[in-house]
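Undergrad: To start, I am sharing the structure in question, which I have written as structure tokens.
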Amino acid sequence: MPVVILISGSGSNLQAIIDASNDSYCPIQIRAVISNRANVKGLERARLAGIETVVIEHAQFDSRDAFDKELICKIDHYQPDLVILAGFMRILTQQFVEHYHGRLLNIHPALLPDFPGLNTHERAIESGVKQHGASVHFVTTEVDGGPVVLQASVPVKSTDDTKTLAARVLEQEHVIFPLVIKWYAENRLVLENNKPLLDKKEIPATGLNYAETRTN
Ligand code: GRF
């Protein structure tokens, strides 16, 4: 399945997806990696893997609308069946999100609906939750509010700072994101009437739990 991946930074999720596609775990062809920032490590990772890269710097555009229009134009040039937001740190316009309805996936570093938005690890520690984690979801116009497909939980330890907690969550991101992409590429996962279905079964509102999918 042809895909395009959008990034803004280090691209460790991108790397996990590249690795999953290389060892044929995940039947995708990454047609391009697009970044809204130049000189980020994720672009280097893509180049090393022989994947085409494109930089579209958001700062060069007068409006979010103009940036998103250019983004759509570049993405559609590659004719992807799936667009993957792998640490893409821009809020997308309604036009963009609707254009890719049902074929736009994002990873968020929290157990949605808890902690949408930024600084999730800091907020998790401050709020005293005992469990934190990551969610993969379809993107809708509500920021981090689209239907969740899969979540993975990690414990929050009393000794954690944002760095140690982020590292624990990131390790799980690298597992659940390739898995959801694999489901999608195998046509097992679809969004129907705004509800995600896996193997034709409706996914519960908080998403599937990775630990449970492993035991079933
Ligand atoms: C990840 O934690 C992702 O969930 C968040 O930004 C981070 C990106 O990391 N949206 P990387 O660029 O994949 O290393």
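Naming works like this for the structure tokens: A, B, ... for the chains as they're shown, residue 1 at the start of each chain, ligands 1 onward in shown order.
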Return as a CSV table (one decimal) with N, CA, C and O atoms, in the first residue's frame every polymer residue, whether protein, DNA or RNA, with at least one atom no more than 6 Å from an atom of ligand 1; count only C-alpha atoms and all ligand atoms.

TA:
chain,number,residue,atom,x,y,z
A,9,GLY,N,10.3,16.2,13.2
A,9,GLY,CA,11.5,16.2,14.1
A,9,GLY,C,12.4,15.0,14.0
A,9,GLY,O,12.7,14.5,12.9
A,10,SER,N,12.6,14.3,15.1
A,10,SER,CA,13.6,13.3,15.2
A,10,SER,C,13.2,12.0,14.4
A,10,SER,O,14.1,11.3,13.9
A,11,GLY,N,12.0,11.8,14.2
A,11,GLY,CA,11.6,10.7,13.3
A,11,GLY,C,11.8,9.3,13.9
A,11,GLY,O,12.0,8.3,13.1
A,12,SER,N,11.8,9.1,15.2
A,12,SER,CA,12.0,7.7,15.7
A,12,SER,C,10.8,6.9,15.4
A,12,SER,O,10.9,5.7,15.1
A,13,ASN,N,9.6,7.4,15.3
A,13,ASN,CA,8.4,6.7,14.8
A,13,ASN,C,8.5,6.3,13.4
A,13,ASN,O,8.2,5.2,12.9
A,14,LEU,N,9.0,7.3,12.6
A,14,LEU,CA,9.3,7.1,11.2
A,14,LEU,C,10.2,5.9,11.0
A,14,LEU,O,10.0,5.0,10.2
A,86,ALA,N,3.6,11.2,11.8
A,86,ALA,CA,4.5,10.6,12.7
A,86,ALA,C,5.3,11.7,13.4
A,86,ALA,O,6.5,12.0,13.0
A,87,GLY,N,4.7,12.3,14.4
A,87,GLY,CA,5.4,13.4,15.1
A,87,GLY,C,5.3,14.6,14.3
A,87,GLY,O,6.3,15.4,14.2
A,107,ILE,N,-0.2,9.5,15.8
A,107,ILE,CA,0.2,8.9,17.1
A,107,ILE,C,0.2,10.0,18.1
A,107,ILE,O,0.8,11.1,17.8
A,108,HIS,N,-0.4,9.8,19.3
A,108,HIS,CA,-0.4,10.8,20.3
A,108,HIS,C,0.2,10.2,21.6
A,108,HIS,O,-0.2,9.2,22.0
A,109,PRO,N,1.1,11.0,22.2
A,109,PRO,CA,1.8,10.4,23.4
A,109,PRO,C,1.0,10.6,24.7
A,109,PRO,O,1.5,11.2,25.6
A,170,LEU,N,7.6,6.3,24.4
A,170,LEU,CA,8.1,6.2,23.0
A,170,LEU,C,8.3,4.7,22.6
A,170,LEU,O,8.0,4.4,21.4

Undergrad: Can you list every residue of region 74-167 of chain A that has an atom at most 9 Å from region 206-216 of chain A, with its nearest atom pair and the distance in Å to one decimal, using only C-alpha atoms, ordered by chain then number, as a Markdown table?

TA:
| residue | atom | partner | partner_atom | distance |
| --- | --- | --- | --- | --- |
| A:Leu111 | CA | A:Thr206 | CA | 8.5 |
| A:Leu112 | CA | A:Thr206 | CA | 7.2 |
| A:Pro113 | CA | A:Thr206 | CA | 7.6 |
| A:Ser135 | CA | A:Gly207 | CA | 8.0 |
| A:Val136 | CA | A:Gly207 | CA | 8.5 |
| A:His137 | CA | A:Gly207 | CA | 8.3 |
| A:Pro147 | CA | A:Gly207 | CA | 7.6 |
| A:Val148 | CA | A:Gly207 | CA | 4.7 |
| A:Val149 | CA | A:Gly207 | CA | 4.6 |
| A:Leu150 | CA | A:Leu208 | CA | 4.5 |
| A:Gln151 | CA | A:Asn209 | CA | 5.1 |
| A:Ala152 | CA | A:Tyr210 | CA | 5.1 |
| A:Ser153 | CA | A:Asn209 | CA | 7.9 |

Undergrad: Please, could you write that set of residues out with N, CA, C and O atoms as a PDB file, in the first residue's frame?

TA:
ATOM      1  N   LEU A 111      -2.820   8.602  26.807  1.00  0.00           N
ATOM      2  CA  LEU A 111      -3.969   7.704  26.698  1.00  0.00           C
ATOM      3  C   LEU A 111      -5.207   8.568  26.465  1.00  0.00           C
ATOM      4  O   LEU A 111      -5.905   8.962  27.399  1.00  0.00           O
ATOM      5  N   LEU A 112      -5.476   8.866  25.200  1.00  0.00           N
ATOM      6  CA  LEU A 112      -6.648   9.705  24.865  1.00  0.00           C
ATOM      7  C   LEU A 112      -7.920   9.049  25.397  1.00  0.00           C
ATOM      8  O   LEU A 112      -7.991   7.820  25.437  1.00  0.00           O
ATOM      9  N   PRO A 113      -8.902   9.790  25.860  1.00  0.00           N
ATOM     10  CA  PRO A 113      -9.045  11.238  25.729  1.00  0.00           C
ATOM     11  C   PRO A 113      -8.269  12.050  26.772  1.00  0.00           C
ATOM     12  O   PRO A 113      -8.417  13.267  26.816  1.00  0.00           O
ATOM     13  N   SER A 135      -1.520   6.596  22.059  1.00  0.00           N
ATOM     14  CA  SER A 135      -2.722   6.219  21.303  1.00  0.00           C
ATOM     15  C   SER A 135      -2.481   6.446  19.815  1.00  0.00           C
ATOM     16  O   SER A 135      -1.919   7.473  19.423  1.00  0.00           O
ATOM     17  N   VAL A 136      -2.964   5.505  19.007  1.00  0.00           N
ATOM     18  CA  VAL A 136      -3.000   5.726  17.565  1.00  0.00           C
ATOM     19  C   VAL A 136      -4.456   5.956  17.189  1.00  0.00           C
ATOM     20  O   VAL A 136      -5.328   5.192  17.613  1.00  0.00           O
ATOM     21  N   HIS A 137      -4.716   7.019  16.455  1.00  0.00           N
ATOM     22  CA  HIS A 137      -6.111   7.347  16.131  1.00  0.00           C
ATOM     23  C   HIS A 137      -6.254   7.888  14.720  1.00  0.00           C
ATOM     24  O   HIS A 137      -5.300   8.412  14.137  1.00  0.00           O
ATOM     25  N   PRO A 147     -11.330   9.080  16.384  1.00  0.00           N
ATOM     26  CA  PRO A 147     -11.536   7.746  16.949  1.00  0.00           C
ATOM     27  C   PRO A 147     -10.227   6.980  17.172  1.00  0.00           C
ATOM     28  O   PRO A 147      -9.416   6.847  16.262  1.00  0.00           O
ATOM     29  N   VAL A 148     -10.080   6.500  18.403  1.00  0.00           N
ATOM     30  CA  VAL A 148      -8.845   5.802  18.784  1.00  0.00           C
ATOM     31  C   VAL A 148      -8.912   4.359  18.287  1.00  0.00           C
ATOM     32  O   VAL A 148      -9.938   3.688  18.398  1.00  0.00           O
ATOM     33  N   VAL A 149      -7.792   3.881  17.765  1.00  0.00           N
ATOM     34  CA  VAL A 149      -7.701   2.496  17.284  1.00  0.00           C
ATOM     35  C   VAL A 149      -7.013   1.621  18.328  1.00  0.00           C
ATOM     36  O   VAL A 149      -7.517   0.570  18.708  1.00  0.00           O
ATOM     37  N   LEU A 150      -5.858   2.065  18.808  1.00  0.00           N
ATOM     38  CA  LEU A 150      -5.062   1.214  19.697  1.00  0.00           C
ATOM     39  C   LEU A 150      -4.301   2.074  20.707  1.00  0.00           C
ATOM     40  O   LEU A 150      -3.780   3.139  20.349  1.00  0.00           O
ATOM     41  N   GLN A 151      -4.266   1.575  21.948  1.00  0.00           N
ATOM     42  CA  GLN A 151      -3.506   2.272  22.993  1.00  0.00           C
ATOM     43  C   GLN A 151      -2.550   1.293  23.659  1.00  0.00           C
ATOM     44  O   GLN A 151      -2.844   0.093  23.744  1.00  0.00           O
ATOM     45  N   ALA A 152      -1.435   1.818  24.152  1.00  0.00           N
ATOM     46  CA  ALA A 152      -0.533   1.011  24.984  1.00  0.00           C
ATOM     47  C   ALA A 152      -0.267   1.805  26.257  1.00  0.00           C
ATOM     48  O   ALA A 152       0.001   3.011  26.193  1.00  0.00           O
ATOM     49  N   SER A 153      -0.365   1.134  27.402  1.00  0.00           N
ATOM     50  CA  SER A 153      -0.168   1.807  28.690  1.00  0.00           C
ATOM     51  C   SER A 153       1.214   1.510  29.244  1.00  0.00           C
ATOM     52  O   SER A 153       1.756   0.425  29.026  1.00  0.00           O
TER      53      SER A 153
END

Undergrad: Do a neighbour search on Lys157 (chain A) at 9 Å with only C-alpha atoms, toss out local chain neighbours closer than 6 positions, and write the hits as a count of residues only.

TA: 4

Undergrad: Using backbone DSSP assignments, extract all strand (DSSP E) residues from region 49-141 of chain A; output them as a list in words.

TA: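 Across region 49-141 of chain A, those assigned strand (DSSP E) are Thr53, Val54, Val55, Leu82, Val83, Ile84, Leu85, Leu104, Leu105, Asn106, Ile107, His108, Gln131, His132, Gly133, Ala134, Ser135, Val136, His137 and Phe138 of chain A.
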
Undergrad: Take the residues from that selection and put them in a file with C-alpha atoms, as a PDB file, in the first residue's frame.

TA:
ATOM      1  CA  THR A  53      12.092  13.607   1.016  1.00  0.00           C
ATOM      2  CA  VAL A  54      10.282  16.914   0.698  1.00  0.00           C
ATOM      3  CA  VAL A  55      10.561  19.983   2.930  1.00  0.00           C
ATOM      4  CA  LEU A  82      -2.726   6.294   3.665  1.00  0.00           C
ATOM      5  CA  VAL A  83      -1.193   9.450   5.146  1.00  0.00           C
ATOM      6  CA  ILE A  84       0.708   8.972   8.400  1.00  0.00           C
ATOM      7  CA  LEU A  85       1.406  11.729  10.902  1.00  0.00           C
ATOM      8  CA  LEU A 104      -5.148   9.771   8.010  1.00  0.00           C
ATOM      9  CA  LEU A 105      -3.547   8.264  11.134  1.00  0.00           C
ATOM     10  CA  ASN A 106      -1.761  10.005  14.013  1.00  0.00           C
ATOM     11  CA  ILE A 107       0.156   8.891  17.080  1.00  0.00           C
ATOM     12  CA  HIS A 108      -0.383  10.825  20.285  1.00  0.00           C
ATOM     13  CA  GLN A 131      -0.851   4.970  34.030  1.00  0.00           C
ATOM     14  CA  HIS A 132       0.162   6.882  30.942  1.00  0.00           C
ATOM     15  CA  GLY A 133       0.819   5.774  27.375  1.00  0.00           C
ATOM     16  CA  ALA A 134       0.221   6.346  23.708  1.00  0.00           C
ATOM     17  CA  SER A 135      -2.722   6.219  21.303  1.00  0.00           C
ATOM     18  CA  VAL A 136      -3.000   5.726  17.565  1.00  0.00           C
ATOM     19  CA  HIS A 137      -6.111   7.347  16.131  1.00  0.00           C
ATOM     20  CA  PHE A 138      -7.803   8.399  12.932  1.00  0.00           C
TER      21      PHE A 138
END

Undergrad: Closest to Lys200 (chain A) among A:Thr164, A:Ser127, A:Asn187, A:Ser63, using only C-alpha atoms?

TA: A:Asn187

Undergrad: List the spatial neighbours of Ile181 (chain A) as a list in words - criterion: any atom at most 9 Å away, only C-alpha atoms, same-chain residues fewer than 3 positions off excluded.

TA: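 The filter keeps Ile17, Cys26, Pro27, Ile28, Leu82, Ile84, Leu105, Ile176, Phe177, Pro178, Tyr184, Ala185, Glu186 and Leu189 of chain A.
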
Undergrad: Can you spit out the residues from that selection as an mmCIF file, in the first residue's frame, using all heavy atoms?

TA:
data_model
loop_
_atom_site.group_PDB
_atom_site.id
_atom_site.type_symbol
_atom_site.label_atom_id
_atom_site.label_comp_id
_atom_site.auth_asym_id
_atom_site.auth_seq_id
_atom_site.Cartn_x
_atom_site.Cartn_y
_atom_site.Cartn_z
ATOM 1 N N ILE A 17 8.570 2.643 11.520
ATOM 2 C CA ILE A 17 7.717 2.286 10.372
ATOM 3 C C ILE A 17 8.589 1.816 9.202
ATOM 4 O O ILE A 17 8.269 0.833 8.532
ATOM 5 C CB ILE A 17 6.825 3.486 9.969
ATOM 6 C CG1 ILE A 17 5.920 3.896 11.142
ATOM 7 C CG2 ILE A 17 5.974 3.132 8.753
ATOM 8 C CD1 ILE A 17 5.291 5.280 10.998
ATOM 9 N N CYS A 26 5.109 -5.111 7.628
ATOM 10 C CA CYS A 26 4.076 -4.139 7.288
ATOM 11 C C CYS A 26 4.102 -3.886 5.781
ATOM 12 O O CYS A 26 5.080 -3.330 5.271
ATOM 13 C CB CYS A 26 4.423 -2.872 8.068
ATOM 14 S SG CYS A 26 3.174 -1.656 8.101
ATOM 15 N N PRO A 27 3.043 -4.303 5.059
ATOM 16 C CA PRO A 27 3.090 -4.240 3.599
ATOM 17 C C PRO A 27 2.804 -2.845 3.030
ATOM 18 O O PRO A 27 1.776 -2.598 2.426
ATOM 19 C CB PRO A 27 2.005 -5.239 3.175
ATOM 20 C CG PRO A 27 1.033 -5.240 4.301
ATOM 21 C CD PRO A 27 1.799 -4.936 5.549
ATOM 22 N N ILE A 28 3.746 -1.941 3.267
ATOM 23 C CA ILE A 28 3.576 -0.576 2.747
ATOM 24 C C ILE A 28 4.778 -0.196 1.892
ATOM 25 O O ILE A 28 5.868 -0.743 2.049
ATOM 26 C CB ILE A 28 3.430 0.467 3.891
ATOM 27 C CG1 ILE A 28 4.624 0.393 4.864
ATOM 28 C CG2 ILE A 28 2.106 0.310 4.613
ATOM 29 C CD1 ILE A 28 4.697 1.563 5.814
ATOM 30 N N LEU A 82 -2.742 5.973 2.238
ATOM 31 C CA LEU A 82 -2.726 6.294 3.665
ATOM 32 C C LEU A 82 -1.710 7.409 3.916
ATOM 33 O O LEU A 82 -0.609 7.377 3.345
ATOM 34 C CB LEU A 82 -2.325 5.033 4.472
ATOM 35 C CG LEU A 82 -2.164 5.193 5.979
ATOM 36 C CD1 LEU A 82 -3.513 5.514 6.641
ATOM 37 C CD2 LEU A 82 -1.575 3.923 6.605
ATOM 38 N N ILE A 84 0.331 9.282 7.018
ATOM 39 C CA ILE A 84 0.708 8.972 8.400
ATOM 40 C C ILE A 84 1.369 10.186 9.043
ATOM 41 O O ILE A 84 2.371 10.705 8.523
ATOM 42 C CB ILE A 84 1.700 7.776 8.399
ATOM 43 C CG1 ILE A 84 1.042 6.539 7.771
ATOM 44 C CG2 ILE A 84 2.196 7.479 9.808
ATOM 45 C CD1 ILE A 84 2.041 5.415 7.452
ATOM 46 N N LEU A 105 -3.793 8.804 9.793
ATOM 47 C CA LEU A 105 -3.547 8.264 11.134
ATOM 48 C C LEU A 105 -2.513 9.110 11.860
ATOM 49 O O LEU A 105 -1.556 9.607 11.253
ATOM 50 C CB LEU A 105 -3.012 6.832 11.053
ATOM 51 C CG LEU A 105 -3.975 5.727 10.631
ATOM 52 C CD1 LEU A 105 -3.206 4.416 10.399
ATOM 53 C CD2 LEU A 105 -5.056 5.502 11.707
ATOM 54 N N ILE A 176 3.104 0.108 18.646
ATOM 55 C CA ILE A 176 1.684 0.166 18.256
ATOM 56 C C ILE A 176 1.449 0.881 16.924
ATOM 57 O O ILE A 176 0.511 0.552 16.206
ATOM 58 C CB ILE A 176 0.770 0.742 19.376
ATOM 59 C CG1 ILE A 176 1.109 2.193 19.706
ATOM 60 C CG2 ILE A 176 0.793 -0.148 20.598
ATOM 61 C CD1 ILE A 176 0.073 2.851 20.649
ATOM 62 N N PHE A 177 2.315 1.837 16.578
ATOM 63 C CA PHE A 177 2.062 2.553 15.319
ATOM 64 C C PHE A 177 2.265 1.621 14.106
ATOM 65 O O PHE A 177 1.356 1.499 13.262
ATOM 66 C CB PHE A 177 2.937 3.802 15.235
ATOM 67 C CG PHE A 177 2.317 4.950 14.469
ATOM 68 C CD1 PHE A 177 1.010 4.886 13.981
ATOM 69 C CD2 PHE A 177 3.044 6.107 14.210
ATOM 70 C CE1 PHE A 177 0.443 5.945 13.282
ATOM 71 C CE2 PHE A 177 2.488 7.176 13.507
ATOM 72 C CZ PHE A 177 1.193 7.082 13.035
ATOM 73 N N PRO A 178 3.398 0.910 14.025
ATOM 74 C CA PRO A 178 3.537 -0.025 12.894
ATOM 75 C C PRO A 178 2.435 -1.081 12.868
ATOM 76 O O PRO A 178 1.998 -1.492 11.792
ATOM 77 C CB PRO A 178 4.913 -0.672 13.128
ATOM 78 C CG PRO A 178 5.665 0.322 13.943
ATOM 79 C CD PRO A 178 4.635 0.978 14.819
ATOM 80 N N TYR A 184 -4.100 -1.544 8.702
ATOM 81 C CA TYR A 184 -4.710 -0.719 7.651
ATOM 82 C C TYR A 184 -4.259 -1.217 6.272
ATOM 83 O O TYR A 184 -5.079 -1.375 5.358
ATOM 84 C CB TYR A 184 -4.321 0.755 7.854
ATOM 85 C CG TYR A 184 -5.137 1.678 6.985
ATOM 86 C CD1 TYR A 184 -6.316 2.250 7.462
ATOM 87 C CD2 TYR A 184 -4.760 1.943 5.673
ATOM 88 C CE1 TYR A 184 -7.091 3.067 6.653
ATOM 89 C CE2 TYR A 184 -5.524 2.758 4.859
ATOM 90 C CZ TYR A 184 -6.689 3.326 5.356
ATOM 91 O OH TYR A 184 -7.443 4.132 4.545
ATOM 92 N N ALA A 185 -2.968 -1.476 6.150
ATOM 93 C CA ALA A 185 -2.416 -1.895 4.850
ATOM 94 C C ALA A 185 -2.948 -3.263 4.436
ATOM 95 O O ALA A 185 -3.007 -3.574 3.245
ATOM 96 C CB ALA A 185 -0.893 -1.909 4.920
ATOM 97 N N GLU A 186 -3.310 -4.070 5.407
ATOM 98 C CA GLU A 186 -3.874 -5.392 5.104
ATOM 99 C C GLU A 186 -5.387 -5.326 4.900
ATOM 100 O O GLU A 186 -6.049 -6.372 4.828
ATOM 101 C CB GLU A 186 -3.546 -6.366 6.242
ATOM 102 C CG GLU A 186 -2.062 -6.689 6.330
ATOM 103 C CD GLU A 186 -1.679 -7.503 7.569
ATOM 104 O OE1 GLU A 186 -2.477 -7.560 8.540
ATOM 105 O OE2 GLU A 186 -0.569 -8.052 7.588
ATOM 106 N N LEU A 189 -8.380 -2.835 8.791
ATOM 107 C CA LEU A 189 -8.839 -1.670 9.564
ATOM 108 C C LEU A 189 -9.453 -0.652 8.613
ATOM 109 O O LEU A 189 -8.815 -0.247 7.640
ATOM 110 C CB LEU A 189 -7.638 -1.045 10.286
ATOM 111 C CG LEU A 189 -7.890 0.280 11.001
ATOM 112 C CD1 LEU A 189 -8.796 0.075 12.219
ATOM 113 C CD2 LEU A 189 -6.556 0.900 11.450
#

Undergrad: Restricting the calculation to only C-alpha atoms, which member of A:Lys182, A:Arg37, A:Arg90, A:His99 is positioned closest to Ile72 (chain A)?

TA: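 So, comparing all the options, the nearest one is A:His99.
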
Undergrad: Taking the backbone alone, and naming residues the way the document does, which bits of region 118-175 of chain A are helix (DSSP H, G or I) by DSSP, as a ChimeraX atom specification?

TA: /A:120-127,162-175

Undergrad: Can you pull out every residue within 9 Å of Asn194 (chain A), counting only C-alpha atoms, but drop anything in the same chain fewer than 2 positions away, and send it as a ChimeraX atom specification?

TA: /A:102,138,140,146-147,191-192,196

Undergrad: Between A:Asp19, A:Glu70, A:Glu98, A:Asp161, single out the one closest to Leu48 (chain A), counting only C-alpha atoms.

TA: A:Asp19

Undergrad: I'd like the interatomic distance between CA of Glu142 (chain A) and CA of Pro2 (chain A), to a tenth of an Å.

TA: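 Between CA of Glu142 (chain A) and CA of Pro2 (chain A) the gap works out to 26.0 Å.
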
Undergrad: I'd like the contact shell of Gln94 (chain A) - 12 Å cut-off, only C-alpha atoms, skipping same-chain residues fewer than 2 positions apart - returned as a list of chain:residue names.

TA: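 My list of contacting residues is A:Arg64, A:Asp65, A:Asp68, A:Lys69, A:Ile91, A:Leu92, A:Phe96, A:Val97, A:Glu98, A:His99, A:Tyr100, A:His101, A:Val139, A:Thr140, A:Thr141, A:Glu142, A:Val143.
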
Undergrad: Looking at A:Glu126, A:Glu202, A:Asp144, A:Glu52, which one is nearest to Ala110 (chain A), with distances taken over only C-alpha atoms?

TA: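 Looking only at the distances to Ala110 (chain A), the closest residue turns out to be A:Asp144.
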
Undergrad: I need the residue nearest Leu179 (chain A) from this list: A:Ala16, A:Gln29, A:Ile75, A:Gly50. Use only C-alpha atoms for the distance.

TA: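 Of the candidates, the smallest distance to Leu179 (chain A) is held by A:Ala16.
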
Undergrad: Show me, as a ChimeraX atom specification, the residues that have an atom within 8 Å of Ser8 (chain A) when counting only C-alpha atoms, minus same-chain residues fewer than 4 positions from it.

TA: /A:35-37,40,42,87-89

Undergrad: What is the distance between CA of His174 (chain A) and CA of Arg103 (chain A), in Å to one decimal?

TA: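 CA of His174 (chain A) sits 19.7 Å away from CA of Arg103 (chain A).
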
Undergrad: Please measure the separation of CA of Thr93 (chain A) and CA of Leu118 (chain A), giving the value in Å to one decimal.

TA: 17.7 Å
